[in-house]
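Below is the file final-v7.cif, which contains mmCIF, C-alpha atoms.
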data_final
loop_
_atom_site.label_atom_id
_atom_site.label_comp_id
_atom_site.auth_asym_id
_atom_site.auth_seq_id
_atom_site.Cartn_x
_atom_site.Cartn_y
_atom_site.Cartn_z
CA MET D 1 28.53 20.83 -1.27
CA ARG D 2 25.78 18.31 -2.06
CA ARG D 3 23.02 18.24 0.51
CA VAL D 4 22.76 14.90 2.29
CA THR D 5 19.21 13.59 2.34
CA ARG D 6 17.77 10.73 4.35
CA ARG D 7 16.19 7.76 2.57
CA LEU D 8 12.72 6.90 3.86
CA MET D 9 11.23 3.42 3.49
CA LEU D 10 7.47 3.04 3.91
CA LEU D 11 6.06 -0.46 4.42
CA ASP D 12 2.53 -1.37 3.40
CA THR D 13 2.57 -3.68 6.39
CA ALA D 14 -0.65 -5.65 5.84
CA SER D 15 0.30 -6.28 2.22
CA LEU D 16 3.62 -7.69 3.38
CA TYR D 17 2.36 -9.84 6.23
CA PHE D 18 -0.33 -11.30 3.95
CA ARG D 19 2.45 -12.28 1.55
CA ALA D 20 4.52 -13.66 4.42
CA TYR D 21 1.53 -15.69 5.65
CA PHE D 22 1.00 -17.33 2.27
CA GLY D 23 4.72 -17.63 1.51
CA VAL D 24 5.94 -19.22 4.76
CA PRO D 25 4.56 -22.66 5.73
CA GLU D 26 2.00 -22.74 8.54
CA SER D 27 4.15 -25.43 10.12
CA VAL D 28 6.31 -22.56 11.45
CA LYS D 29 4.87 -22.38 14.96
CA ALA D 30 5.42 -21.00 18.45
CA PRO D 31 6.33 -23.42 21.26
CA ASP D 32 2.63 -23.79 22.11
CA GLY D 33 1.78 -24.79 18.52
CA THR D 34 0.33 -21.43 17.42
CA PRO D 35 1.29 -20.58 13.81
CA VAL D 36 3.72 -17.65 13.59
CA ASN D 37 4.51 -17.88 9.87
CA ALA D 38 3.32 -14.31 9.18
CA VAL D 39 5.30 -12.91 12.12
CA ARG D 40 8.54 -14.61 11.22
CA GLY D 41 8.04 -14.05 7.52
CA LEU D 42 7.56 -10.30 8.03
CA LEU D 43 10.72 -10.11 10.19
CA GLU D 44 12.62 -11.88 7.40
CA PHE D 45 11.19 -9.40 4.87
CA ILE D 46 12.25 -6.38 6.94
CA ASP D 47 15.70 -7.88 7.46
CA ARG D 48 16.18 -8.32 3.71
CA LEU D 49 14.81 -4.86 2.88
CA VAL D 50 17.12 -3.14 5.37
CA LYS D 51 20.13 -5.15 4.16
CA ASP D 52 19.47 -4.45 0.48
CA HIS D 53 18.29 -0.84 0.60
CA ARG D 54 19.72 0.66 3.82
CA PRO D 55 17.00 3.19 4.65
CA ASP D 56 17.71 5.90 7.22
CA ASP D 57 14.08 6.02 8.27
CA LEU D 58 11.51 3.22 8.28
CA VAL D 59 7.78 3.31 8.97
CA ALA D 60 5.48 0.30 9.19
CA CYS D 61 2.22 1.81 7.91
CA MET D 62 -0.95 0.15 9.20
CA ASP D 63 -4.63 -0.05 8.27
CA ALA D 64 -6.37 1.58 11.24
CA ASP D 65 -9.45 1.41 9.01
CA TRP D 66 -9.15 -0.83 5.93
CA ARG D 67 -12.53 0.34 4.54
CA PRO D 68 -13.11 3.97 5.57
CA GLN D 69 -16.75 5.01 5.73
CA TRP D 70 -16.11 8.18 3.73
CA ARG D 71 -15.02 6.03 0.80
CA VAL D 72 -17.98 3.66 1.22
CA ASP D 73 -20.39 6.62 1.33
CA LEU D 74 -19.18 7.59 -2.15
CA ILE D 75 -18.97 4.09 -3.66
CA PRO D 76 -20.93 1.56 -1.53
CA SER D 77 -19.35 -1.43 -3.33
CA TYR D 78 -15.87 -0.38 -2.16
CA LYS D 79 -14.27 -3.55 -0.72
CA ALA D 80 -17.79 -4.79 0.17
CA HIS D 81 -17.00 -8.37 -0.91
CA ARG D 82 -14.20 -8.55 1.67
CA VAL D 83 -16.34 -7.68 4.71
CA ALA D 84 -16.52 -10.52 7.23
CA GLU D 85 -18.63 -8.65 9.81
CA GLU D 86 -20.21 -5.20 9.82
CA HIS D 87 -20.07 -2.87 12.84
CA ASP D 88 -22.19 0.24 13.38
CA LEU D 89 -19.81 1.87 15.86
CA GLY D 90 -16.44 1.06 14.30
CA PRO D 91 -14.61 -0.26 11.24
CA ASP D 92 -16.01 -3.39 9.59
CA GLU D 93 -13.96 -6.55 10.05
CA GLU D 94 -12.07 -7.77 7.01
CA GLU D 95 -12.25 -11.41 6.01
CA VAL D 96 -8.81 -12.89 6.72
CA PRO D 97 -7.57 -16.45 7.30
CA ASP D 98 -8.34 -17.74 10.82
CA THR D 99 -4.69 -18.35 11.66
CA LEU D 100 -3.52 -14.94 10.44
CA SER D 101 -5.71 -12.68 12.62
CA PRO D 102 -4.11 -13.76 15.94
CA GLN D 103 -0.64 -13.01 14.52
CA VAL D 104 -1.33 -9.32 13.82
CA PRO D 105 -1.16 -8.20 17.51
CA VAL D 106 2.11 -10.15 17.84
CA ILE D 107 3.53 -8.35 14.80
CA GLU D 108 2.54 -5.00 16.30
CA ALA D 109 4.08 -5.84 19.70
CA VAL D 110 7.36 -6.99 18.12
CA LEU D 111 7.65 -3.86 15.95
CA ASP D 112 7.00 -1.69 19.01
CA ALA D 113 9.60 -3.51 21.13
CA LEU D 114 12.14 -3.19 18.30
CA GLY D 115 11.46 0.53 18.06
CA ILE D 116 10.34 0.47 14.41
CA ALA D 117 7.84 3.28 13.90
CA ARG D 118 4.33 1.88 13.43
CA VAL D 119 1.66 4.30 12.25
CA GLY D 120 -2.05 3.80 11.68
CA VAL D 121 -4.54 6.66 11.79
CA PRO D 122 -8.29 6.27 12.51
CA ARG D 123 -10.53 6.64 9.41
CA TYR D 124 -7.60 6.05 7.04
CA GLU D 125 -6.00 3.14 5.23
CA ALA D 126 -2.29 2.39 5.23
CA ASP D 127 -2.19 3.70 1.63
CA ASP D 128 -3.26 7.12 2.90
CA VAL D 129 -0.62 7.10 5.65
CA ILE D 130 1.98 6.17 3.03
CA GLY D 131 0.78 8.93 0.70
CA THR D 132 1.00 11.56 3.40
CA PHE D 133 4.47 10.49 4.56
CA ALA D 134 5.67 10.42 0.93
CA GLY D 135 4.22 13.86 0.27
CA ARG D 136 6.04 15.36 3.25
CA ALA D 137 9.38 13.63 2.63
CA THR D 138 12.39 15.77 1.75
CA GLY D 139 14.57 12.93 0.49
CA PRO D 140 14.16 9.76 -1.59
CA VAL D 141 11.30 7.42 -0.70
CA ASP D 142 10.98 3.65 -1.21
CA ILE D 143 7.41 2.35 -0.87
CA VAL D 144 7.29 -1.41 -0.36
CA THR D 145 3.92 -2.87 -1.28
CA GLY D 146 2.22 -5.68 -3.14
CA ASP D 147 -0.64 -3.29 -3.96
CA ARG D 148 -0.48 -1.66 -7.39
CA ASP D 149 -2.76 1.16 -6.22
CA LEU D 150 0.33 2.86 -4.81
CA TYR D 151 1.89 3.19 -8.27
CA GLN D 152 0.05 6.53 -8.33
CA LEU D 153 2.66 7.93 -5.91
CA VAL D 154 5.64 7.28 -8.21
CA ASP D 155 7.46 10.55 -8.92
CA ASP D 156 10.93 10.55 -10.47
CA LYS D 157 11.59 14.22 -9.70
CA ARG D 158 11.03 13.60 -5.99
CA GLU D 159 12.75 10.18 -6.10
CA ILE D 160 9.62 8.34 -4.98
CA ARG D 161 9.48 4.79 -6.28
CA VAL D 162 7.55 1.62 -5.49
CA LEU D 163 9.34 -1.64 -4.66
CA TYR D 164 6.87 -4.34 -5.66
CA PRO D 165 7.66 -7.87 -4.42
CA LEU D 166 7.74 -10.47 -7.17
CA LYS D 167 9.14 -13.31 -5.07
CA GLY D 168 9.41 -12.70 -1.35
CA VAL D 169 11.22 -9.40 -1.07
CA GLY D 170 14.47 -10.70 -2.51
CA THR D 171 13.18 -10.03 -6.01
CA LEU D 172 11.59 -6.60 -6.28
CA GLN D 173 10.21 -4.77 -9.27
CA LEU D 174 11.62 -1.23 -9.07
CA THR D 175 8.69 0.81 -10.29
CA ASP D 176 9.58 4.27 -11.62
CA GLU D 177 8.01 6.51 -14.26
CA ALA D 178 9.85 4.80 -17.13
CA TRP D 179 8.51 1.41 -16.03
CA LEU D 180 4.96 2.79 -15.70
CA ARG D 181 5.04 4.36 -19.14
CA GLU D 182 6.37 1.15 -20.68
CA LYS D 183 3.77 -1.03 -18.94
CA TYR D 184 0.70 1.22 -18.82
CA GLY D 185 1.46 4.31 -20.90
CA VAL D 186 0.97 6.65 -17.92
CA ASP D 187 2.94 8.37 -15.16
CA GLY D 188 2.21 8.10 -11.41
CA PRO D 189 -0.86 10.38 -11.18
CA GLY D 190 -2.03 8.95 -14.50
CA TYR D 191 -2.14 5.48 -12.93
CA ALA D 192 -4.90 6.62 -10.54
CA ASP D 193 -6.95 7.84 -13.52
CA LEU D 194 -6.27 4.58 -15.37
CA ALA D 195 -7.43 2.54 -12.36
CA LEU D 196 -10.53 4.71 -11.99
CA LEU D 197 -11.59 4.16 -15.61
CA ARG D 198 -10.58 0.49 -15.79
CA GLY D 199 -12.07 -0.42 -12.43
CA ASP D 200 -10.67 -2.89 -9.91
CA PRO D 201 -12.76 -5.92 -8.89
CA SER D 202 -10.41 -6.63 -5.96
CA ASP D 203 -11.44 -3.27 -4.44
CA GLY D 204 -15.04 -3.32 -5.60
CA LEU D 205 -14.53 -0.43 -8.03
CA PRO D 206 -16.82 -0.85 -11.05
CA GLY D 207 -14.96 1.40 -13.47
CA VAL D 208 -16.54 2.61 -16.70
CA PRO D 209 -18.20 -0.34 -18.52
CA GLY D 210 -16.43 -1.13 -21.77
CA ILE D 211 -13.35 0.94 -20.92
CA GLY D 212 -10.53 -1.52 -20.32
CA GLU D 213 -6.91 -0.84 -19.54
CA LYS D 214 -5.75 -0.24 -23.11
CA THR D 215 -8.68 2.00 -24.02
CA ALA D 216 -8.22 3.96 -20.78
CA ALA D 217 -4.54 4.50 -21.59
CA LYS D 218 -5.40 5.72 -25.11
CA LEU D 219 -8.02 8.14 -23.78
CA LEU D 220 -5.60 9.50 -21.19
CA ALA D 221 -2.92 9.94 -23.86
CA GLU D 222 -5.43 11.86 -26.00
CA PHE D 223 -7.09 14.02 -23.33
CA GLY D 224 -4.54 14.21 -20.49
CA ASP D 225 -6.57 13.12 -17.50
CA VAL D 226 -10.07 12.09 -16.41
CA ALA D 227 -11.22 15.71 -16.25
CA GLY D 228 -10.04 16.18 -19.84
CA ILE D 229 -11.85 13.05 -20.97
CA MET D 230 -15.12 14.14 -19.37
CA ALA D 231 -14.76 17.64 -20.83
CA ALA D 232 -14.39 16.03 -24.27
CA LEU D 233 -17.90 14.62 -23.91
CA ASP D 234 -19.22 18.14 -24.39
CA ASP D 235 -17.14 18.65 -27.53
CA PRO D 236 -18.77 17.04 -30.60
CA LYS D 237 -15.41 17.19 -32.44
CA ALA D 238 -13.49 15.26 -29.76
CA LYS D 239 -12.09 11.90 -30.82
CA LEU D 240 -14.51 9.66 -28.96
CA THR D 241 -16.45 6.80 -30.51
CA PRO D 242 -20.24 6.78 -30.09
CA SER D 243 -19.91 3.79 -27.76
CA GLN D 244 -17.30 5.57 -25.59
CA ARG D 245 -19.46 8.69 -25.45
CA LYS D 246 -22.48 6.70 -24.33
CA ARG D 247 -20.65 4.75 -21.65
CA LEU D 248 -18.77 7.74 -20.28
CA ASP D 249 -21.94 9.81 -20.22
CA GLU D 250 -23.82 7.09 -18.33
CA SER D 251 -20.90 6.85 -15.88
CA ARG D 252 -20.86 10.56 -14.95
CA PRO D 253 -22.11 9.91 -11.38
CA TYR D 254 -19.37 7.32 -10.79
CA VAL D 255 -16.63 9.45 -12.37
CA ALA D 256 -17.68 12.43 -10.24
CA VAL D 257 -16.95 10.63 -6.93
CA ALA D 258 -14.38 7.98 -7.91
CA PRO D 259 -11.28 10.24 -7.79
CA THR D 260 -11.80 10.82 -4.06
CA VAL D 261 -12.05 7.08 -3.49
CA VAL D 262 -9.24 5.95 -5.79
CA ARG D 263 -6.64 8.60 -5.05
CA VAL D 264 -4.52 8.20 -1.95
CA ALA D 265 -5.17 10.85 0.68
CA GLY D 266 -2.26 13.21 1.28
CA ASP D 267 -3.56 15.07 4.30
CA VAL D 268 -3.70 12.39 7.01
CA PRO D 269 -3.10 13.85 10.52
CA LEU D 270 0.09 11.90 11.23
CA PRO D 271 1.25 11.49 14.83
CA ASP D 272 4.63 12.82 15.88
CA VAL D 273 6.81 9.70 15.72
CA ASP D 274 10.52 8.97 15.57
CA THR D 275 10.96 7.33 12.16
CA ALA D 276 14.72 6.74 12.43
CA LEU D 277 15.71 3.14 11.82
CA PRO D 278 16.60 1.75 15.28
CA HIS D 279 20.01 0.19 15.83
CA THR D 280 19.13 -1.33 19.20
CA PRO D 281 15.71 -2.45 20.54
CA ARG D 282 13.54 0.14 22.26
CA ASP D 283 12.41 -2.40 24.86
CA PRO D 284 14.90 -5.32 25.09
CA ALA D 285 13.06 -7.01 27.98
CA ALA D 286 9.74 -7.01 26.13
CA LEU D 287 11.47 -8.24 22.99
CA ASP D 288 13.13 -11.13 24.85
CA GLU D 289 9.75 -12.11 26.29
CA LEU D 290 8.09 -11.99 22.87
CA ALA D 291 10.92 -13.98 21.28
CA ALA D 292 10.57 -16.74 23.89
CA ARG D 293 6.76 -16.75 23.92
CA TRP D 294 6.40 -16.93 20.15
CA GLY D 295 9.59 -18.77 19.19
CA LEU D 296 10.89 -16.03 16.90
CA GLY D 297 14.39 -17.51 16.90
CA GLY D 298 16.68 -16.86 13.97
CA SER D 299 14.25 -14.54 12.17
CA LEU D 300 14.46 -11.98 14.97
CA GLN D 301 18.17 -12.49 15.63
CA ARG D 302 19.07 -11.89 11.98
CA LEU D 303 17.06 -8.66 11.93
CA LEU D 304 18.69 -7.48 15.18
CA SER D 305 22.14 -8.15 13.71
CA THR D 306 21.24 -6.23 10.54
CA LEU D 307 19.91 -3.26 12.51
CA GLN D 308 23.14 -3.06 14.52
CA VAL D 309 25.28 -2.62 11.41
#
As structure tokens, what does this structure read like?
Amino acid sequence: MRRVTRRLMLLDTASLYFRAYFGVPESVKAPDGTPVNAVRGLLEFIDRLVKDHRPDDLVACMDADWRPQWRVDLIPSYKAHRVAEEHDLGPDEEEVPDTLSPQVPVIEAVLDALGIARVGVPRYEADDVIGTFAGRATGPVDIVTGDRDLYQLVDDKREIRVLYPLKGVGTLQLTDEAWLREKYGVDGPGYADLALLRGDPSDGLPGVPGIGEKTAAKLLAEFGDVAGIMAALDDPKAKLTPSQRKRLDESRPYVAVAPTVVRVAGDVPLPDVDTALPHTPRDPAALDELAARWGLGGSLQRLLSTLQV
């Protein structure tokens, strides 16, 4: 008899509410005039995701620390351009639109009242929480994110794929190993090496100067992984141009620390949470109060109806 496995859906929550914020007009407001476009947009996203993909378990993964100090210690430029305010005794504040920040606590309160598992772990990004949940999963995993960094977790054998929103969440790019090989010439783990070599200005990762995406893919195809490429530097017969040798050699300090920064952590100390998709709200009274206070209307009602199915 075929073993029945549960399908786990992991939401890169900040990635999704940023998209909701920019995709839903700011004219969507609470009764007191406060914008709630990100809140309602995220509820609409979750409703559509549950309808279309029917997960058994769902976790809204959060950034308890969007710029962990242990990553900054290794590469000081990591996300430095996105810091709005530095703090000595806690995580730096990320620069976000003025009307989005006040909506995040509302999103968290609504998810909690619904009973949707919400997990953020101090000193770790949502990506790391996602990576650890995916690594521990025993069934298929759908990772929903607008962040390509998580392509590194794609694993056909373990049925781990990334659902990347192209337009809202109604149109998703189903990212598996075949898609990665067609687009980038690498598999999941290979994408982390590709990103490391290529660099990523949006995350403040310098990469190896002169090594773009296509060159990185060719080097990985030739030498297997970053460790293989760096080992080839010590082999005069290895197929590296003089320019590539020079640039890779000069980048040894960066390449030595970058894997720890670029690769998603898989050992986050996750709390013991009930990840089962709720069919009824955990706290109906709190949810009713939130719905009235923030004017969540049809967005919330549609999600509640979907969850009850």
Of the candidates D:Thr260, D:Ser77, D:Ser202, D:Gln244, which one gets nearest to Lys218 (chain D) if we count only C-alpha atoms?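 Selected residue with least distance to Lys218 (chain D): D:Gln244.
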Non-local contacts of Asp193 (chain D) (9 Å; all atoms listed in the file; under 2 positions in same chain excluded) as a list in words: Gln152, Pro189, Gly190, Tyr191, Ala195, Leu196, Leu197, Arg198, Ala216, Leu220, Asp225, Val226, Pro259, Val262 and Arg263 of chain D
Per residue of region 136-250 of chain D within 9 Å of region 109-131 of chain D, which atom pair is closest and at what distance in Å (one decimal), using only C-alpha atoms, listed by chain and increasing number, as a tab-separated table?
residue	atom	partner	partner_atom	distance
D:Arg136	CA	D:Gly131	CA	8.7
D:Ile143	CA	D:Ile130	CA	7.7
D:Asp149	CA	D:Asp127	CA	8.3
D:Leu150	CA	D:Asp127	CA	7.0
D:Leu153	CA	D:Gly131	CA	6.9
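Comparing the minimum interatomic distances between Asp65 (chain D) and each of D:Leu163, D:Ala14, D:Tyr184, D:Ala276, counting only C-alpha atoms, we find that D:Ala14 sits nearest.
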Edge lengths and centre in Å to one decimal, as lines of an AutoDock Vina configuration file, of the axis-aligned box that encloses all listed atoms of region 248-264 of chain D with 5 Å added on every side?
center_x = -14.2
center_y = 9.2
center_z = -11.1
size_x = 29.3
size_y = 16.5
size_z = 28.3
Using 9 Å as the limit and counting all atoms listed in the file, can you tabulate each residue of region 57-134 of chain D that touches region 25-36 of chain D, with its shortest atom-to-atom distance in Å and the two atoms involved, as a tab-separated table?
residue	atom	partner	partner_atom	distance
D:Thr99	CA	D:Pro35	CA	6.7
D:Leu100	CA	D:Pro35	CA	8.1
D:Pro102	CA	D:Pro35	CA	9.0
D:Gln103	CA	D:Val36	CA	6.4
D:Val106	CA	D:Val36	CA	8.8
Could you state which residues are captured by the PyMOL selection byres ((chain D and resi 79) around 8) in this file, as a VMD selection string? chain D and resid 67 77 to 78 80 to 83 202 to 205
Between D:Leu290, D:Ala231, D:Val141, D:Ala258, smallest distance to Lys157 (chain D) by only C-alpha atoms belongs to D:Val141
Please, what distance in Å, to one decimal, runs between CA of Tyr21 (chain D) and CA of Pro165 (chain D)?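 About the pair CA of Tyr21 (chain D) and CA of Pro165 (chain D): they are 14.1 Å apart.
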Have a look at CA of Val257 (chain D) and CA of Arg181 (chain D) and let me know their distance in Å, one decimal.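 These atoms are spaced 25.9 Å apart.
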Let me make sure I understand: among D:Ser251, D:Glu213, D:Glu108, D:Leu277, which one has the smallest atom-to-atom distance to Leu233 (chain D) if we use all atoms listed in the file?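 Of D:Ser251, D:Glu213, D:Glu108, D:Leu277, the one nearest Leu233 (chain D), counting all atoms listed in the file, is D:Ser251.
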Residues matched by the PyMOL selection byres ((chain D and resi 266) around 8) as a PyMOL selection string: chain D and resi 128-129+131-133+135+264-265+267-268
Write the residues you've just listed into a file as a short mmCIF file (atom, residue, chain, number, x, y, z; two decimals), in the frame of the given file, and include C-alpha atoms for each of them.
data_model
loop_
_atom_site.label_atom_id
_atom_site.label_comp_id
_atom_site.auth_asym_id
_atom_site.auth_seq_id
_atom_site.Cartn_x
_atom_site.Cartn_y
_atom_site.Cartn_z
CA ASP D 128 -3.26 7.12 2.90
CA VAL D 129 -0.62 7.10 5.65
CA GLY D 131 0.78 8.93 0.70
CA THR D 132 1.00 11.56 3.40
CA PHE D 133 4.47 10.49 4.56
CA GLY D 135 4.22 13.86 0.27
CA VAL D 264 -4.52 8.20 -1.95
CA ALA D 265 -5.17 10.85 0.68
CA ASP D 267 -3.56 15.07 4.30
CA VAL D 268 -3.70 12.39 7.01
#
Just say which residues the PyMOL selection byres ((chain D and resi 12) around 9) picks in this file, as a short mmCIF file (atom, residue, chain, number, x, y, z; two decimals) with C-alpha atoms, in the frame of the given file.
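This went into out.cif:
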data_model
loop_
_atom_site.label_atom_id
_atom_site.label_comp_id
_atom_site.auth_asym_id
_atom_site.auth_seq_id
_atom_site.Cartn_x
_atom_site.Cartn_y
_atom_site.Cartn_z
CA LEU D 10 7.47 3.04 3.91
CA LEU D 11 6.06 -0.46 4.42
CA THR D 13 2.57 -3.68 6.39
CA ALA D 14 -0.65 -5.65 5.84
CA SER D 15 0.30 -6.28 2.22
CA LEU D 16 3.62 -7.69 3.38
CA TYR D 17 2.36 -9.84 6.23
CA VAL D 59 7.78 3.31 8.97
CA ALA D 60 5.48 0.30 9.19
CA CYS D 61 2.22 1.81 7.91
CA MET D 62 -0.95 0.15 9.20
CA ASP D 63 -4.63 -0.05 8.27
CA ALA D 126 -2.29 2.39 5.23
CA ASP D 127 -2.19 3.70 1.63
CA ILE D 130 1.98 6.17 3.03
CA ILE D 143 7.41 2.35 -0.87
CA VAL D 144 7.29 -1.41 -0.36
CA THR D 145 3.92 -2.87 -1.28
CA GLY D 146 2.22 -5.68 -3.14
CA ASP D 147 -0.64 -3.29 -3.96
#
As a PDB file with C-alpha atoms, keeping the file's coordinate frame, please: the residues near Val24 (chain D) (cut-off 10 Å, only C-alpha atoms, same-chain neighbours under 6 positions excluded).
ATOM      1  CA  VAL D  36       3.720 -17.650  13.590  1.00  0.00           C
ATOM      2  CA  ASN D  37       4.510 -17.880   9.870  1.00  0.00           C
ATOM      3  CA  ALA D  38       3.320 -14.310   9.180  1.00  0.00           C
ATOM      4  CA  VAL D  39       5.300 -12.910  12.120  1.00  0.00           C
ATOM      5  CA  ARG D  40       8.540 -14.610  11.220  1.00  0.00           C
ATOM      6  CA  GLY D  41       8.040 -14.050   7.520  1.00  0.00           C
ATOM      7  CA  LEU D  42       7.560 -10.300   8.030  1.00  0.00           C
ATOM      8  CA  GLY D 168       9.410 -12.700  -1.350  1.00  0.00           C
TER       9      GLY D 168
END
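Across the model, the gap from CA of Asp73 (chain D) to CA of Gly210 (chain D) is 24.7 Å.
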Looking at all atoms listed in the file, which of D:Val154, D:Pro284, D:Pro278, D:Thr5 is the one that sits closest to Thr306 (chain D)?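 Once distances to Thr306 (chain D) are computed over all atoms listed in the file, the minimum belongs to D:Pro278.
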Calculated over only C-alpha atoms, which of the candidates D:Gly139, D:Gly170, D:Gly199, D:Pro105 has the smallest distance to Arg48 (chain D)?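 Counting only C-alpha atoms, the residue closest to Arg48 (chain D) is D:Gly170.
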